[in-house]
Amino acid sequence: MSEAKAAATAAEKLQKGGQSAENAPKRKGLDRKKRKAIFICVMLAFPLVQLFVFWFLVNVNTVVMSFQEFDWLSGKYIFNGFKNFIRVFEEIGGGSAVTRRTVINSVLYFPVTCFISLPLSILFSYFLYKKVPGAAAFRVIFFLPSIIPVAVLTMTFSFSFDATLGFVNPILRALGVENIPSWFGRYPNNQIMIFAYCIWAGLGTNIVLISGAISRIPVEIMEYSKLEGVGKARELFQIAIPLVWPTITTTFILGCTSVFTVMMQPLMLTPSTTDTYTIALMIYNGVLNGRNLPYLSAFGLAMSVIGVPIILLIKWALGKVYADVEY
Amino acid sequence: MKAKVLRMLVLAMALVMALGVGLAFSACSKADWDLKIAVVHKEYGQRWINALARKFEDETGLVVEVEANPNLQSEIPNRLQNGSDDDLFFSHGITWELFAARGLLEPLDDLYAMQVSDGVTVADKVLPQFASASQFNGHYYKVAWTNGTGGLVYNKKMFEDRGWAVPTVYSNPDNPDCDPEAGEVGLMELCEKILADTDGEVKPFVWSSETYYWDYVVFDWWAQLAGVDAIETYTQLASPDVFDPAAHPEQKEALKAWKNLIADHPEYSMEDCAGKQYTAAQMEFVTGKAAMIPCAQWLESGMTGNYDESTCVMDIMRTPYLDGAKKDESGEYIPVNYSVGSTNSGDSIIIPADADHKDAAKQFVAFMLRDDNLKLFSEETYGVQLAADYSNVTLGDDATDFMKSVYEINATSQKFDLLSSALPVLQGYLSLDWPVEGVQHYASLVADPSTDIDALYQSNYEEIVSEWSEWFA
C-alpha cells in the first residue's frame, strides 16, 4: 500500500470517528525523526558498550600484556619487547615438545572439521532433505548431541569406550577383534578419539544450518532437474551445493576457527594429559594457574596473527568458487 | 497497531534492562552482613563452612554470608582486581604470591599474632611448614587451608573377608622389616595373593586417566628414600643440581618402583586404567572390582551415599615402605606423608586488600583454628584436616575407620609439600612435581614400559641446566 493510500485510509478512519483529519490534535514532543534516532541509539547502546568493554578493551589489554612481563620486585607488569614472542616461536620450533604438539593437534582440527565433518554434514543434510526413510528420526538423532551438555556427552562417550564398563569393547570382542587398543590411554589414540567425538557431536549443528539452507531451494528447480533426469549425485553436487554455497562457506570458516577454539572436548575427555592439548586449552590451563599471563597473551596473539590472514584468504577463495545466487 | 506493539516491546525491553541493572546494583550495594565468605565448592562440599559460619554467628552475633561456588578458583583473579563484596576466600590454586606482589591481598602478620585460645596464637596453631610457605617478601599473605592426606585407599571389608593383611613394605619376602609370621606382607606379594585368591576376578588396583593420583604414593616413596629435609632443600631451588639424577636419584627410584608395580605388571591393574575416567575408576572400586585405588582424604566424603557398605568399606593405608627407606635411630622406618594439593600455591585462605570486613575475616580464621572447630571441620568433611596442629583433637565416636586412618597418618607422619616461592616456579617455567613442562610419565610408561627412566631424568636435568640462567635472569 502506497503512503498516499495509507494516509487517505487513516483520514477516513478519523472522519468515521466524528473527527476531521484537519482537526486531529498534533502529537506533542519530539518529531518522528528524532524519536527514531533515539530509539536506534538506545537499542545500539548496550551491544556497543558490551563490544567496547568485553572485546575492544580485553583485546587491547591482551596485546599490551603480550609485550610485558611481571616484575616480582615492583609488583608491576613491565615492557619486555618481543621476548615473549621469541619464546613462543622458539618453543613451537622445537624448544617445547608440549607446545609443538599443542600446535599440531590444533591445526589437525582444520581438516577434521572442514574435510570430514562438513562433507558428512552436507551429505546427511541432503539425505534428510530427500526424506530418506526415518528422516525425522535421524534429524533428532543427529541434533541430540547438540542439545545435551558437553559434560554429560563426553562422559557418555568415554564410558562407551571404557574397557570394562563400556559396550564397544564387548562388541568388538564378540566380532573376534583381538588386541583392542587403549582408546583414551595413549597418544595418538586419545587424540583420534577426540576427533571422532568432535565429528559425532558436531554434526547436529552443521546439519541444522545446511539442511535449513537446502530446504530453501525453490522446489521448481528440483522438479525441473528431476524432469531433466538429473541423478541424485548430480543434483547434490551441481545444484544443491552451489545454491547453498554461502552457508557452506560460513560453516567452513567456522570450522577453520576451531583450530583456535576447541577446548572443552580435550579437557573433558582427557583431563590430565598434555598429549591432547589444543591452543585454547593450553591458554585456559595457563590462565587458570595464573603463572605467566604475558607469555600466554603472546602465544594467543601469535597464533591469531598467523591464523587470521589464512582464514581470510580461505574466505576470499571460497567466495570465488560459485557466484552468489538470489532465490 | 504495529507502532503500539513496538512501543510495548521497547517498554518491556527497557523494563527488563532496568530490572537487570537494578539487580546488579542491589548485588553490588553494601549488603546486610558482617562477613562474606566465598568457598570453592568441590571435594569438601559445603557442610563444613555452613556449620562453622552458624557457630561463628552464634558466638559473635555477627551475620555471615556464605557463597559456595564450584568456579571460584577462576573467578578469584577478577574479584580481587575489580573489587567485590568478598571478605574471605577459601580455594585451591590461588596464585597468592602474584596477588600479594600486586598489593591485592591483605597482609596477615597481625592475624598470625592473634590468639586462637589461651596463650596459643595462629602462628602456633598453623603447622610450621605451611606457615613458612605462606610468606612473601617477609609478610604473611595467606593461611594454608587443608593438610591433605593421600595414598592407597583400600576396601577394608574385602581385605577382612579375604584375610589379606595391609601391606607395610613394598616388596621382598626376605625383607627383615616384613614379618610374614605376624601376618605382614609386601605390596607386590599382596597383589599376587589378591589375583590368586580371586582367580583374577578382583584386580589389586584400579586407577584413572587422572594419573596424578599416583603422585600421592610415588612422592611418599621419594620422601621415604630422600627424607623430608631433602625435599625441603629441593623446593628452595638453590641450584639446578637439585634435579641432578646422579646426585639425587630418589625421585627417579620412586618412579621406577611405580613402573615395576604398575607398568611392568599390567595384570595388577584393571584393563586400560590409563584410559578410564576418574568416576569410572571410583565405580569399579566401590563395587568391589578392585581392592585398592590411589586417592586422597576426600574419597569417602565424595562417594558417600553412592555405594553399598556391604560391598565396600573404605580405609586408607600408610604408603608401604620401599627398600632403602630412611630409618630413625631405633631402626624404625620414618613415616612420611605428602600433603596433597600442596604443589605450586596449594590450598589457601586469603583476605582481599579492599575487603570491607577484614577484622571479622581474621577473627573467623582464628576461630576456625580452635581445637573444637578443627574437629568440626574434620567431621563435616569426613576426615579432611585443616593445615593445623591436631594434637589436642580427638575424633568423635562416630568417626569412620577412614577418618581415623587419615587422622593417624597425619598425626604420626613427617608431612612434606612441594610449595616453593622460587622465581622459576612463580613464573611458570617449572613445576616441582613434574619439573619439565608438568608432564607426568605414568601413562607413557604404561604405554611403553621399555622407556628408560634414567635417560628420561638425565635429559630433563640437562634441559633444566640449559634454561636455568635464563629463568633467573
# chains A, B, ... in the order shown; residues from 1 in each chain; ligands from 1
call {"tool": "residues_around", "arguments": {"residues": "stretch 76-89 of chain A", "least_positions_apart": "6", "cutoff": "8 Å", "atoms": "only C-alpha atoms", "output": "list in words"}}
result
Met65, Ser66, Phe67, Gln68, Glu69, Phe70, Pro294, Tyr295, Ala298, Phe299 and Ala302 of chain A; Ala101 and Arg102 of chain B
call {"tool": "residues_around", "arguments": {"residues": "B:Leu72", "least_positions_apart": "3", "cutoff": "8 Å", "atoms": "only C-alpha atoms", "output": "compact mmCIF listing (two decimals) with C-alpha atoms, in the first residue's frame"}}
result
# COMPACT_ATOMS: atom_id res chain seq x y z
CA ALA B 38 33.48 -17.38 49.35
CA VAL B 39 34.44 -21.06 49.28
CA VAL B 40 35.32 -23.27 46.34
CA HIS B 41 32.62 -25.94 46.26
CA ASN B 69 30.95 -21.74 44.25
CA GLU B 75 36.80 -16.06 39.44
CA ILE B 76 39.17 -15.01 42.21
CA SER B 91 40.17 -22.11 47.35
call {"tool": "interface_residues", "arguments": {"of": "chain B", "to": "chain A", "cutoff": "8 Å", "atoms": "only C-alpha atoms", "output": "PyMOL selection string"}}
result
chain B and resi 73-74+93-95+98+101-103+209-212+271-277+280+426-428+437+439-440+443-444+447
call {"tool": "write_last_selection", "arguments": {"atoms": "N, CA and C atoms", "output": "PDB file, in the first residue's frame"}}
result
ATOM      1  N   GLN B  73      37.704 -20.681  41.835  1.00  0.00           N
ATOM      2  CA  GLN B  73      39.142 -20.562  41.545  1.00  0.00           C
ATOM      3  C   GLN B  73      39.392 -19.642  40.349  1.00  0.00           C
ATOM      4  N   SER B  74      38.613 -19.819  39.294  1.00  0.00           N
ATOM      5  CA  SER B  74      38.848 -18.992  38.106  1.00  0.00           C
ATOM      6  C   SER B  74      38.297 -17.579  38.272  1.00  0.00           C
ATOM      7  N   GLY B  93      44.535 -23.625  44.351  1.00  0.00           N
ATOM      8  CA  GLY B  93      45.182 -22.981  43.205  1.00  0.00           C
ATOM      9  C   GLY B  93      45.119 -21.467  43.156  1.00  0.00           C
ATOM     10  N   ILE B  94      45.089 -20.809  44.294  1.00  0.00           N
ATOM     11  CA  ILE B  94      45.139 -19.347  44.268  1.00  0.00           C
ATOM     12  C   ILE B  94      46.609 -18.941  44.082  1.00  0.00           C
ATOM     13  N   THR B  95      46.892 -18.175  43.048  1.00  0.00           N
ATOM     14  CA  THR B  95      48.273 -17.721  42.836  1.00  0.00           C
ATOM     15  C   THR B  95      48.516 -16.510  43.743  1.00  0.00           C
ATOM     16  N   LEU B  98      51.434 -13.870  43.389  1.00  0.00           N
ATOM     17  CA  LEU B  98      51.221 -12.861  42.344  1.00  0.00           C
ATOM     18  C   LEU B  98      50.323 -11.739  42.865  1.00  0.00           C
ATOM     19  N   ALA B 101      52.175  -9.662  45.464  1.00  0.00           N
ATOM     20  CA  ALA B 101      53.134  -8.740  44.843  1.00  0.00           C
ATOM     21  C   ALA B 101      52.413  -7.535  44.239  1.00  0.00           C
ATOM     22  N   ARG B 102      51.194  -7.733  43.789  1.00  0.00           N
ATOM     23  CA  ARG B 102      50.432  -6.633  43.171  1.00  0.00           C
ATOM     24  C   ARG B 102      49.630  -5.838  44.185  1.00  0.00           C
ATOM     25  N   GLY B 103      49.774  -6.186  45.455  1.00  0.00           N
ATOM     26  CA  GLY B 103      49.088  -5.418  46.504  1.00  0.00           C
ATOM     27  C   GLY B 103      47.606  -5.687  46.609  1.00  0.00           C
ATOM     28  N   SER B 209      42.626 -42.086  34.147  1.00  0.00           N
ATOM     29  CA  SER B 209      43.487 -41.253  33.288  1.00  0.00           C
ATOM     30  C   SER B 209      43.975 -40.016  34.045  1.00  0.00           C
ATOM     31  N   GLU B 210      43.346 -39.714  35.169  1.00  0.00           N
ATOM     32  CA  GLU B 210      43.850 -38.618  36.003  1.00  0.00           C
ATOM     33  C   GLU B 210      44.989 -39.195  36.856  1.00  0.00           C
ATOM     34  N   THR B 211      46.097 -39.425  36.179  1.00  0.00           N
ATOM     35  CA  THR B 211      47.191 -40.208  36.756  1.00  0.00           C
ATOM     36  C   THR B 211      47.902 -39.513  37.914  1.00  0.00           C
ATOM     37  N   TYR B 212      47.626 -38.216  38.097  1.00  0.00           N
ATOM     38  CA  TYR B 212      48.325 -37.508  39.183  1.00  0.00           C
ATOM     39  C   TYR B 212      47.971 -38.079  40.557  1.00  0.00           C
ATOM     40  N   GLU B 271      41.774 -53.480  33.332  1.00  0.00           N
ATOM     41  CA  GLU B 271      42.130 -53.243  31.939  1.00  0.00           C
ATOM     42  C   GLU B 271      42.042 -51.758  31.577  1.00  0.00           C
ATOM     43  N   ASP B 272      43.054 -51.268  30.912  1.00  0.00           N
ATOM     44  CA  ASP B 272      43.101 -49.917  30.345  1.00  0.00           C
ATOM     45  C   ASP B 272      42.743 -48.813  31.349  1.00  0.00           C
ATOM     46  N   CYS B 273      43.377 -48.883  32.509  1.00  0.00           N
ATOM     47  CA  CYS B 273      43.127 -47.824  33.501  1.00  0.00           C
ATOM     48  C   CYS B 273      43.552 -46.450  32.976  1.00  0.00           C
ATOM     49  N   ALA B 274      44.612 -46.423  32.168  1.00  0.00           N
ATOM     50  CA  ALA B 274      45.107 -45.134  31.675  1.00  0.00           C
ATOM     51  C   ALA B 274      44.057 -44.414  30.822  1.00  0.00           C
ATOM     52  N   GLY B 275      43.075 -45.180  30.342  1.00  0.00           N
ATOM     53  CA  GLY B 275      42.026 -44.567  29.528  1.00  0.00           C
ATOM     54  C   GLY B 275      40.709 -44.409  30.270  1.00  0.00           C
ATOM     55  N   LYS B 276      40.713 -44.692  31.558  1.00  0.00           N
ATOM     56  CA  LYS B 276      39.468 -44.653  32.334  1.00  0.00           C
ATOM     57  C   LYS B 276      39.169 -43.255  32.869  1.00  0.00           C
ATOM     58  N   GLN B 277      37.907 -42.914  32.897  1.00  0.00           N
ATOM     59  CA  GLN B 277      37.501 -41.681  33.581  1.00  0.00           C
ATOM     60  C   GLN B 277      37.615 -41.905  35.092  1.00  0.00           C
ATOM     61  N   ALA B 280      34.631 -43.502  36.610  1.00  0.00           N
ATOM     62  CA  ALA B 280      34.537 -44.935  36.277  1.00  0.00           C
ATOM     63  C   ALA B 280      35.441 -45.740  37.210  1.00  0.00           C
ATOM     64  N   LEU B 426      57.323 -19.412  40.335  1.00  0.00           N
ATOM     65  CA  LEU B 426      56.362 -18.312  40.287  1.00  0.00           C
ATOM     66  C   LEU B 426      56.098 -17.876  38.847  1.00  0.00           C
ATOM     67  N   GLN B 427      57.138 -17.951  38.014  1.00  0.00           N
ATOM     68  CA  GLN B 427      56.977 -17.508  36.631  1.00  0.00           C
ATOM     69  C   GLN B 427      56.422 -18.592  35.713  1.00  0.00           C
ATOM     70  N   GLY B 428      56.198 -19.761  36.279  1.00  0.00           N
ATOM     71  CA  GLY B 428      55.560 -20.814  35.497  1.00  0.00           C
ATOM     72  C   GLY B 428      56.506 -21.596  34.616  1.00  0.00           C
ATOM     73  N   GLU B 437      57.810 -29.013  32.044  1.00  0.00           N
ATOM     74  CA  GLU B 437      56.508 -28.772  31.408  1.00  0.00           C
ATOM     75  C   GLU B 437      55.356 -29.491  32.089  1.00  0.00           C
ATOM     76  N   VAL B 439      54.883 -32.488  32.690  1.00  0.00           N
ATOM     77  CA  VAL B 439      54.484 -33.738  32.039  1.00  0.00           C
ATOM     78  C   VAL B 439      54.693 -34.915  32.987  1.00  0.00           C
ATOM     79  N   GLN B 440      53.589 -35.589  33.327  1.00  0.00           N
ATOM     80  CA  GLN B 440      53.689 -36.799  34.146  1.00  0.00           C
ATOM     81  C   GLN B 440      54.049 -37.970  33.239  1.00  0.00           C
ATOM     82  N   ALA B 443      51.307 -42.440  32.296  1.00  0.00           N
ATOM     83  CA  ALA B 443      50.619 -43.012  31.134  1.00  0.00           C
ATOM     84  C   ALA B 443      51.612 -43.437  30.063  1.00  0.00           C
ATOM     85  N   SER B 444      52.678 -42.647  29.887  1.00  0.00           N
ATOM     86  CA  SER B 444      53.639 -43.001  28.837  1.00  0.00           C
ATOM     87  C   SER B 444      54.432 -44.255  29.233  1.00  0.00           C
ATOM     88  N   ALA B 447      52.151 -47.088  28.468  1.00  0.00           N
ATOM     89  CA  ALA B 447      52.087 -47.279  27.007  1.00  0.00           C
ATOM     90  C   ALA B 447      53.367 -47.918  26.489  1.00  0.00           C
TER      91      ALA B 447
END
call {"tool": "residues_around", "arguments": {"residues": "A:Trp200", "least_positions_apart": "4", "cutoff": "9 Å", "atoms": "only C-alpha atoms", "output": "JSON list (two decimals) with N, CA and C atoms, in the first residue's frame"}}
result
[["chain", "number", "residue", "atom", "x", "y", "z"],
["A", 117, "SER", "N", 34.02, -33.59, 8.84],
["A", 117, "SER", "CA", 32.73, -33.28, 9.47],
["A", 117, "SER", "C", 31.79, -32.53, 8.51],
["A", 142, "PHE", "N", 20.69, -36.88, 15.00],
["A", 142, "PHE", "CA", 21.85, -36.05, 14.68],
["A", 142, "PHE", "C", 21.93, -34.82, 15.57],
["A", 145, "PRO", "N", 23.05, -34.66, 20.16],
["A", 145, "PRO", "CA", 24.30, -34.28, 20.83],
["A", 145, "PRO", "C", 24.47, -32.78, 21.00],
["A", 195, "PHE", "N", 38.90, -36.43, 18.06],
["A", 195, "PHE", "CA", 38.43, -36.03, 16.72],
["A", 195, "PHE", "C", 37.11, -36.74, 16.41],
["A", 196, "ALA", "N", 37.05, -38.03, 16.73],
["A", 196, "ALA", "CA", 35.82, -38.80, 16.46],
["A", 196, "ALA", "C", 34.65, -38.19, 17.23],
["A", 204, "GLY", "N", 25.34, -32.27, 14.34],
["A", 204, "GLY", "CA", 23.99, -31.73, 14.55],
["A", 204, "GLY", "C", 23.84, -30.29, 14.13]]
call {"tool": "select_by_dssp", "arguments": {"residues": "stretch 16-164 of chain A", "states": "strand (DSSP E)", "output": "list in words"}}
result
Gln68, Glu69, Phe70, Asp71, Lys76, Tyr77, Ile78 and Phe79 of chain A
call {"tool": "write_last_selection", "arguments": {"atoms": "N, CA and C atoms", "output": "mmCIF file, in the first residue's frame"}}
result
data_model
loop_
_atom_site.group_PDB
_atom_site.id
_atom_site.type_symbol
_atom_site.label_atom_id
_atom_site.label_comp_id
_atom_site.auth_asym_id
_atom_site.auth_seq_id
_atom_site.Cartn_x
_atom_site.Cartn_y
_atom_site.Cartn_z
ATOM 1 N N GLN A 68 54.811 -7.555 27.703
ATOM 2 C CA GLN A 68 55.219 -7.262 29.074
ATOM 3 C C GLN A 68 55.684 -8.530 29.799
ATOM 4 N N GLU A 69 56.241 -8.332 30.968
ATOM 5 C CA GLU A 69 56.493 -9.430 31.895
ATOM 6 C C GLU A 69 56.242 -8.903 33.304
ATOM 7 N N PHE A 70 55.978 -9.831 34.224
ATOM 8 C CA PHE A 70 55.697 -9.389 35.585
ATOM 9 C C PHE A 70 56.993 -9.216 36.345
ATOM 10 N N ASP A 71 57.154 -8.046 36.940
ATOM 11 C CA ASP A 71 58.349 -7.778 37.735
ATOM 12 C C ASP A 71 58.010 -8.030 39.206
ATOM 13 N N LYS A 76 54.687 -5.037 39.345
ATOM 14 C CA LYS A 76 54.007 -4.454 38.182
ATOM 15 C C LYS A 76 54.430 -5.169 36.908
ATOM 16 N N TYR A 77 53.589 -5.038 35.910
ATOM 17 C CA TYR A 77 53.956 -5.549 34.600
ATOM 18 C C TYR A 77 54.838 -4.520 33.911
ATOM 19 N N ILE A 78 55.977 -4.970 33.383
ATOM 20 C CA ILE A 78 56.884 -4.041 32.721
ATOM 21 C C ILE A 78 57.119 -4.468 31.270
ATOM 22 N N PHE A 79 57.472 -3.511 30.421
ATOM 23 C CA PHE A 79 57.695 -3.759 28.997
ATOM 24 C C PHE A 79 58.915 -4.663 28.799
#
call {"tool": "atom_distance", "arguments": {"atom1": "atom CA of B:Gly151", "atom2": "atom CA of B:Glu184"}}
result
18.6 Å
call {"tool": "select_by_dssp", "arguments": {"residues": "stretch 19-229 of chain A", "states": "helix (DSSP H, G or I)", "output": "PyMOL selection string"}}
result
chain A and resi 32-65+83-95+97-129+135-147+150-160+168-174+189-215+219-227
call {"tool": "residues_around", "arguments": {"residues": "B:Lys375", "least_positions_apart": "5", "cutoff": "10 Å", "atoms": "only C-alpha atoms", "output": "short mmCIF file (atom, residue, chain, number, x, y, z; two decimals) with C-alpha atoms, in the first residue's frame"}}
result
data_model
loop_
_atom_site.label_atom_id
_atom_site.label_comp_id
_atom_site.auth_asym_id
_atom_site.auth_seq_id
_atom_site.Cartn_x
_atom_site.Cartn_y
_atom_site.Cartn_z
CA MET B 368 38.32 -21.80 62.82
CA LEU B 369 41.71 -22.91 64.17
CA ARG B 370 40.34 -23.58 67.65
CA GLU B 380 31.85 -32.28 58.39
CA THR B 381 34.34 -33.26 55.67
CA GLY B 383 38.22 -36.68 57.83
CA VAL B 384 39.82 -33.83 55.92
CA GLN B 385 42.12 -31.84 58.18
CA LEU B 386 42.98 -28.18 58.25
CA TYR B 390 45.56 -31.52 65.66
CA ASN B 392 44.74 -31.87 71.08
CA VAL B 393 41.89 -33.01 68.88
CA THR B 394 40.20 -36.33 69.46
CA LEU B 395 37.79 -37.62 66.87
CA GLY B 396 34.26 -38.44 67.96
#
call {"tool": "residues_around", "arguments": {"residues": "stretch 221-223 of chain B", "least_positions_apart": "4", "cutoff": "10 Å", "atoms": "only C-alpha atoms", "output": "PDB file with N, CA and C atoms, in the first residue's frame"}}
result
ATOM      1  N   TYR B 170      57.074 -52.413  50.513  1.00  0.00           N
ATOM      2  CA  TYR B 170      56.816 -52.502  49.067  1.00  0.00           C
ATOM      3  C   TYR B 170      56.887 -53.938  48.565  1.00  0.00           C
ATOM      4  N   ASP B 215      50.736 -39.643  42.226  1.00  0.00           N
ATOM      5  CA  ASP B 215      51.737 -38.791  42.898  1.00  0.00           C
ATOM      6  C   ASP B 215      51.725 -39.022  44.405  1.00  0.00           C
ATOM      7  N   TYR B 216      50.531 -39.254  44.939  1.00  0.00           N
ATOM      8  CA  TYR B 216      50.391 -39.361  46.398  1.00  0.00           C
ATOM      9  C   TYR B 216      51.154 -40.570  46.952  1.00  0.00           C
ATOM     10  N   VAL B 217      51.335 -41.567  46.107  1.00  0.00           N
ATOM     11  CA  VAL B 217      52.106 -42.755  46.507  1.00  0.00           C
ATOM     12  C   VAL B 217      53.581 -42.560  46.141  1.00  0.00           C
ATOM     13  N   GLY B 227      64.177 -38.411  52.451  1.00  0.00           N
ATOM     14  CA  GLY B 227      63.957 -37.696  53.707  1.00  0.00           C
ATOM     15  C   GLY B 227      63.283 -36.353  53.432  1.00  0.00           C
ATOM     16  N   VAL B 228      62.475 -35.901  54.370  1.00  0.00           N
ATOM     17  CA  VAL B 228      61.719 -34.664  54.125  1.00  0.00           C
ATOM     18  C   VAL B 228      62.633 -33.436  54.072  1.00  0.00           C
ATOM     19  N   ASP B 229      63.776 -33.508  54.739  1.00  0.00           N
ATOM     20  CA  ASP B 229      64.704 -32.368  54.677  1.00  0.00           C
ATOM     21  C   ASP B 229      65.225 -32.177  53.245  1.00  0.00           C
ATOM     22  N   ALA B 230      65.495 -33.287  52.602  1.00  0.00           N
ATOM     23  CA  ALA B 230      65.989 -33.205  51.226  1.00  0.00           C
ATOM     24  C   ALA B 230      64.912 -32.613  50.307  1.00  0.00           C
ATOM     25  N   ILE B 231      63.668 -32.960  50.580  1.00  0.00           N
ATOM     26  CA  ILE B 231      62.577 -32.400  49.771  1.00  0.00           C
ATOM     27  C   ILE B 231      62.506 -30.885  50.006  1.00  0.00           C
ATOM     28  N   PRO B 249      69.032 -39.372  43.260  1.00  0.00           N
ATOM     29  CA  PRO B 249      68.307 -40.366  42.447  1.00  0.00           C
ATOM     30  C   PRO B 249      66.944 -40.787  43.034  1.00  0.00           C
ATOM     31  N   GLU B 250      66.592 -40.234  44.186  1.00  0.00           N
ATOM     32  CA  GLU B 250      65.436 -40.792  44.912  1.00  0.00           C
ATOM     33  C   GLU B 250      64.116 -40.665  44.145  1.00  0.00           C
ATOM     34  N   GLN B 251      63.904 -39.500  43.522  1.00  0.00           N
ATOM     35  CA  GLN B 251      62.632 -39.330  42.799  1.00  0.00           C
ATOM     36  C   GLN B 251      62.552 -40.337  41.645  1.00  0.00           C
ATOM     37  N   LYS B 252      63.673 -40.484  40.987  1.00  0.00           N
ATOM     38  CA  LYS B 252      63.760 -41.430  39.871  1.00  0.00           C
ATOM     39  C   LYS B 252      63.504 -42.861  40.360  1.00  0.00           C
ATOM     40  N   GLU B 253      64.076 -43.201  41.519  1.00  0.00           N
ATOM     41  CA  GLU B 253      63.907 -44.549  42.051  1.00  0.00           C
ATOM     42  C   GLU B 253      62.450 -44.800  42.454  1.00  0.00           C
ATOM     43  N   ALA B 254      61.812 -43.758  42.964  1.00  0.00           N
ATOM     44  CA  ALA B 254      60.393 -43.889  43.328  1.00  0.00           C
ATOM     45  C   ALA B 254      59.555 -44.167  42.091  1.00  0.00           C
ATOM     46  N   LEU B 255      59.873 -43.472  40.998  1.00  0.00           N
ATOM     47  CA  LEU B 255      59.124 -43.706  39.761  1.00  0.00           C
ATOM     48  C   LEU B 255      59.405 -45.113  39.219  1.00  0.00           C
ATOM     49  N   ALA B 257      59.997 -47.696  41.031  1.00  0.00           N
ATOM     50  CA  ALA B 257      59.195 -48.611  41.860  1.00  0.00           C
ATOM     51  C   ALA B 257      57.757 -48.646  41.356  1.00  0.00           C
ATOM     52  N   TRP B 258      57.246 -47.481  40.974  1.00  0.00           N
ATOM     53  CA  TRP B 258      55.875 -47.427  40.430  1.00  0.00           C
ATOM     54  C   TRP B 258      55.804 -48.201  39.119  1.00  0.00           C
ATOM     55  N   THR B 319      51.525 -45.449  53.080  1.00  0.00           N
ATOM     56  CA  THR B 319      52.209 -45.943  51.885  1.00  0.00           C
ATOM     57  C   THR B 319      53.291 -46.945  52.294  1.00  0.00           C
ATOM     58  N   PRO B 320      53.235 -48.170  51.753  1.00  0.00           N
ATOM     59  CA  PRO B 320      54.226 -49.190  52.137  1.00  0.00           C
ATOM     60  C   PRO B 320      55.659 -48.686  51.888  1.00  0.00           C
ATOM     61  N   TYR B 321      56.554 -49.079  52.783  1.00  0.00           N
ATOM     62  CA  TYR B 321      57.925 -48.569  52.705  1.00  0.00           C
ATOM     63  C   TYR B 321      58.713 -49.277  51.607  1.00  0.00           C
ATOM     64  N   LEU B 322      59.440 -48.462  50.853  1.00  0.00           N
ATOM     65  CA  LEU B 322      60.335 -49.010  49.833  1.00  0.00           C
ATOM     66  C   LEU B 322      61.595 -49.555  50.500  1.00  0.00           C
ATOM     67  N   ASP B 323      62.212 -50.491  49.862  1.00  0.00           N
ATOM     68  CA  ASP B 323      63.528 -50.923  50.339  1.00  0.00           C
ATOM     69  C   ASP B 323      64.464 -49.717  50.252  1.00  0.00           C
ATOM     70  N   GLY B 324      65.203 -49.470  51.313  1.00  0.00           N
ATOM     71  CA  GLY B 324      66.106 -48.315  51.310  1.00  0.00           C
ATOM     72  C   GLY B 324      65.476 -47.082  51.913  1.00  0.00           C
ATOM     73  N   ALA B 325      64.225 -47.203  52.387  1.00  0.00           N
ATOM     74  CA  ALA B 325      63.581 -46.041  53.037  1.00  0.00           C
ATOM     75  C   ALA B 325      64.359 -45.677  54.302  1.00  0.00           C
ATOM     76  N   LYS B 326      64.374 -44.393  54.627  1.00  0.00           N
ATOM     77  CA  LYS B 326      65.159 -43.932  55.781  1.00  0.00           C
ATOM     78  C   LYS B 326      64.549 -44.437  57.084  1.00  0.00           C
ATOM     79  N   ILE B 334      60.989 -44.148  59.047  1.00  0.00           N
ATOM     80  CA  ILE B 334      60.440 -42.820  59.373  1.00  0.00           C
ATOM     81  C   ILE B 334      59.170 -42.619  58.548  1.00  0.00           C
ATOM     82  N   PRO B 335      58.017 -42.491  59.203  1.00  0.00           N
ATOM     83  CA  PRO B 335      56.784 -42.307  58.431  1.00  0.00           C
ATOM     84  C   PRO B 335      56.717 -40.914  57.810  1.00  0.00           C
ATOM     85  N   VAL B 336      56.415 -40.854  56.544  1.00  0.00           N
ATOM     86  CA  VAL B 336      56.292 -39.568  55.838  1.00  0.00           C
ATOM     87  C   VAL B 336      54.955 -39.550  55.112  1.00  0.00           C
ATOM     88  N   ASN B 337      54.471 -38.383  54.846  1.00  0.00           N
ATOM     89  CA  ASN B 337      53.240 -38.288  54.055  1.00  0.00           C
ATOM     90  C   ASN B 337      53.188 -36.956  53.322  1.00  0.00           C
ATOM     91  N   TYR B 338      52.941 -37.072  52.037  1.00  0.00           N
ATOM     92  CA  TYR B 338      52.852 -35.886  51.173  1.00  0.00           C
ATOM     93  C   TYR B 338      51.545 -35.141  51.444  1.00  0.00           C
ATOM     94  N   GLN B 414      55.888 -37.460  59.187  1.00  0.00           N
ATOM     95  CA  GLN B 414      56.550 -36.203  58.837  1.00  0.00           C
ATOM     96  C   GLN B 414      55.903 -35.744  57.531  1.00  0.00           C
ATOM     97  N   LYS B 415      55.158 -34.660  57.608  1.00  0.00           N
ATOM     98  CA  LYS B 415      54.448 -34.182  56.416  1.00  0.00           C
ATOM     99  C   LYS B 415      55.414 -33.364  55.562  1.00  0.00           C
ATOM    100  N   PHE B 416      55.247 -33.442  54.267  1.00  0.00           N
ATOM    101  CA  PHE B 416      56.083 -32.617  53.380  1.00  0.00           C
ATOM    102  C   PHE B 416      55.231 -32.109  52.224  1.00  0.00           C
ATOM    103  N   ASP B 417      55.726 -31.080  51.592  1.00  0.00           N
ATOM    104  CA  ASP B 417      54.982 -30.494  50.478  1.00  0.00           C
ATOM    105  C   ASP B 417      55.951 -30.057  49.393  1.00  0.00           C
TER     106      ASP B 417
END
call {"tool": "closest_residue", "arguments": {"among": "A:Asn179, A:Ala240, A:Gly202, A:Glu90", "to": "A:Ser225", "atoms": "only C-alpha atoms"}}
result
A:Ala240
call {"tool": "residues_around", "arguments": {"residues": "A:Ser106", "least_positions_apart": "3", "cutoff": "12 Å", "atoms": "only C-alpha atoms", "output": "ChimeraX atom specification"}}
result
/A:99-103,109-113,191,194-195,255-263,266,275-282,303,307
call {"tool": "residues_around", "arguments": {"residues": "stretch 313-322 of chain A", "least_positions_apart": "2", "cutoff": "7 Å", "atoms": "only C-alpha atoms", "output": "PDB file with C-alpha atoms, in the first residue's frame"}}
result
ATOM      1  CA  PRO A 242      26.201 -24.307  -5.480  1.00  0.00           C
ATOM      2  CA  THR A 249      31.308 -21.158   3.251  1.00  0.00           C
ATOM      3  CA  ILE A 253      35.073 -20.697   8.095  1.00  0.00           C
ATOM      4  CA  PRO A 309      45.165 -13.989   7.370  1.00  0.00           C
ATOM      5  CA  ILE A 310      44.937 -17.655   6.439  1.00  0.00           C
ATOM      6  CA  ILE A 311      41.263 -17.755   7.363  1.00  0.00           C
ATOM      7  CA  ASP A 324      26.082 -15.756  -5.265  1.00  0.00           C
TER       8      ASP A 324
END
